[in-house]
Amino acid sequence: MTQMTPGAARVVDPVLTTVARGYRNENYIGLKLFPYVPVGARGGKIITFDKSAWRQYNMARTPGSNVKRINVGFAAGSFALAQHALEGQVPVEIEEEANVVPGIDMASTTVMTTQDIIDLRLEIAQAGMATNLANYGAGNKVTLAGTAQWSDYANSDPLGDVADGRNAIRKVTGKRPNLMTMGADVWEILQYHPKLVDAAVLKGVIGLTANGVGLSVEQLAKLFNVKEIVVGDAITLDAADTPTDVWGKDVVLAYAETATLAARGTPSYGYTYRLKGYPLVEKAYYENNTRSWIYPVIDEVAPVIAGAEAGYLIKNAVA
């Protein structure tokens with residue numbers, strides 16, 4: 001007798017699964033650094049990329065001799081997907097009241113809320129990896145302190161600090177970073193930094209200068225010569241409901257390829273491996289004891305840093 005696998009045993013709700021897969025909290029930025037890569041197994045090798053493309057080869061050959069070969073990508077380290085499951089509960093009384101109001105779909109709302117909680121766990125994991133000094137080489141990180149922190153408008157040099165990070169990535173990867181992430185506290189300080197405002201006027205990014213003028217993320221991206229800047233606004237609450245910024249006071253520069261990553265095998269700072277077909281929503285079931293409908297949501301993912309040299313961490317960018 002063939003044993004049924006957990007996946008085969010599940011009865012999936014295709015409509016609500018579509019809701020779960022299509023929903024993403026706009027405050028979450030982790031997938032910018034760690035774009036999704038679908039995988040067919042719950043464990044495997046992390047695919048990284050060496051520096052073969054930068055080396056010079058003797059490609060000349062005589063008739064009948066072997067053609068020179070190179071290897072593209074290699075396995076380094078392992079990943080193991082972690083399953084995260086959560087059930088959303090809707091009491092019958094709440095569902096009955098919601099049905100009276102046009103446009104309220106408690107099933108979809110419950111699934112999106114549950115998926116949001118699961119995604120927050122992933123966001124915290126991604127931020128923890130990206131802002132951990134131990135994950136970077138000596139030349140790909142800096143910790144700011146005192147007058148060097150960007151909250152010291154008179155003495156700090158954010159343009160110089162970012163330029164150092166951009167050059168550090170280029171020297172070891174041959175690519176310049178296309179992405180910059182920062183915590184919300186960093187953004188609140190940086191957008192009003194007088195040296196940046198003055199530089200924006202000088203470069204024609206903005207047309208005037210005055211105290212209190214704030215730059216947009218698009219304007220900052222032009223100043224820092226990166227394609228995109230994203231700000232992590234997500235917060236998490238502890239047991240006492242005290243809020244903490246998930247992305248702290250740090251800045252990450254990275255070359256992160258987020259387009260057709262899986263198809264092209266483009267080298268990137270990090271990936272989020274996700275089991276194909278996930279997240280999924282199992283069929284809702286009724287629970288007599290609580291007089292509630294239960295909506296189970298399941299995801300299986302593992303964020304990994306595949307190319308730490310493609311990233312640069314500025315720790316404690318502001319006080």
# chains A, B, ... in the order shown; residues from 1 in each chain; ligands from 1
>>> residues_around(residues="Lys175 in chain A", least_positions_apart="5", cutoff="9 Å", atoms="only C-alpha atoms", output="list in words")
Arg166, Ile169, Arg170, Tyr255 and Ala310 of chain A
>>> residues_around(residues="Val205 in chain A", least_positions_apart="2", cutoff="9 Å", atoms="only C-alpha atoms", output="VMD selection string")
chain A and resid 199 to 203 207 219 to 220 222 to 223
>>> closest_residue(among="A:Pro279, A:Leu31, A:Ala308, A:Glu257", to="Ala125 in chain A", atoms="only C-alpha atoms")
A:Leu31
>>> atom_distance(atom1="CA of Glu26 in chain A", atom2="CA of Val217 in chain A")
15.3 Å
>>> atom_distance(atom1="CA of Asn27 in chain A", atom2="CA of Asp185 in chain A")
14.2 Å
>>> select_by_dssp(residues="range 131-273 of chain A", states="strand (DSSP E or B)", output="PyMOL selection string")
chain A and resi 141-143+179-183+228-232+235-237+243-245+251-254+270-273
>>> residues_around(residues="range 76-93 of chain A", least_positions_apart="5", cutoff="8 Å", atoms="only C-alpha atoms", output="VMD selection string")
chain A and resid 42 to 48 106 110 to 111 113 to 114 118 273 to 275 290 to 302 304
>>> closest_residue(among="A:Gly277, A:Gly214, A:Gly204, A:Gly146", to="Ala319 in chain A", atoms="only C-alpha atoms")
A:Gly146
>>> residues_around(residues="Asn25 in chain A", least_positions_apart="5", cutoff="10 Å", atoms="only C-alpha atoms", output="list in words")
Met112, Thr113, Gln115, Asp116, Ile117, Asp119, Leu120 and Ala234 of chain A
>>> closest_residue(among="A:Val12, A:Ile189, A:Ala130, A:Leu196", to="Val251 in chain A", atoms="only C-alpha atoms")
A:Ala130
>>> atom_distance(atom1="CA of Asp238 in chain A", atom2="CA of Val186 in chain A")
21.9 Å
>>> select_by_dssp(residues="range 141-201 of chain A", states="alpha helix (DSSP H)", output="ChimeraX atom specification")
/A:158-173,184-190,194-201
>>> decode(residues="range 225-236 of chain A", atoms="N, CA, C and O atoms", output="tab-separated table (two decimals), in the first residue's frame")
chain	number	residue	atom	x	y	z
A	225	ASN	N	22.72	57.05	-6.44
A	225	ASN	CA	23.01	56.25	-7.64
A	225	ASN	C	22.60	54.78	-7.49
A	225	ASN	O	23.36	53.87	-7.82
A	226	VAL	N	21.42	54.57	-6.97
A	226	VAL	CA	20.84	53.23	-6.93
A	226	VAL	C	19.49	53.26	-7.64
A	226	VAL	O	18.84	54.31	-7.71
A	227	LYS	N	19.10	52.13	-8.16
A	227	LYS	CA	17.85	52.06	-8.92
A	227	LYS	C	16.64	52.26	-8.02
A	227	LYS	O	15.65	52.90	-8.41
A	228	GLU	N	16.70	51.74	-6.81
A	228	GLU	CA	15.52	51.77	-5.94
A	228	GLU	C	15.93	51.85	-4.48
A	228	GLU	O	16.88	51.22	-4.05
A	229	ILE	N	15.18	52.63	-3.73
A	229	ILE	CA	15.30	52.67	-2.26
A	229	ILE	C	13.96	52.25	-1.68
A	229	ILE	O	12.91	52.73	-2.12
A	230	VAL	N	13.98	51.34	-0.73
A	230	VAL	CA	12.75	50.93	-0.06
A	230	VAL	C	12.94	51.10	1.45
A	230	VAL	O	14.02	50.87	1.98
A	231	VAL	N	11.87	51.53	2.09
A	231	VAL	CA	11.89	51.80	3.53
A	231	VAL	C	11.06	50.75	4.24
A	231	VAL	O	9.91	50.49	3.86
A	232	GLY	N	11.65	50.13	5.26
A	232	GLY	CA	10.94	49.11	6.03
A	232	GLY	C	10.12	49.73	7.14
A	232	GLY	O	10.67	50.18	8.16
A	233	ASP	N	8.82	49.79	6.95
A	233	ASP	CA	7.93	50.38	7.95
A	233	ASP	C	7.34	49.36	8.92
A	233	ASP	O	6.63	49.73	9.85
A	234	ALA	N	7.60	48.08	8.69
A	234	ALA	CA	6.97	47.04	9.51
A	234	ALA	C	7.42	47.13	10.96
A	234	ALA	O	8.58	47.43	11.26
A	235	ILE	N	6.49	46.88	11.86
A	235	ILE	CA	6.81	46.82	13.29
A	235	ILE	C	6.33	45.49	13.84
A	235	ILE	O	5.49	44.80	13.25
A	236	THR	N	6.90	45.11	14.98
A	236	THR	CA	6.44	43.93	15.68
A	236	THR	C	6.23	44.29	17.15
A	236	THR	O	6.87	45.22	17.66
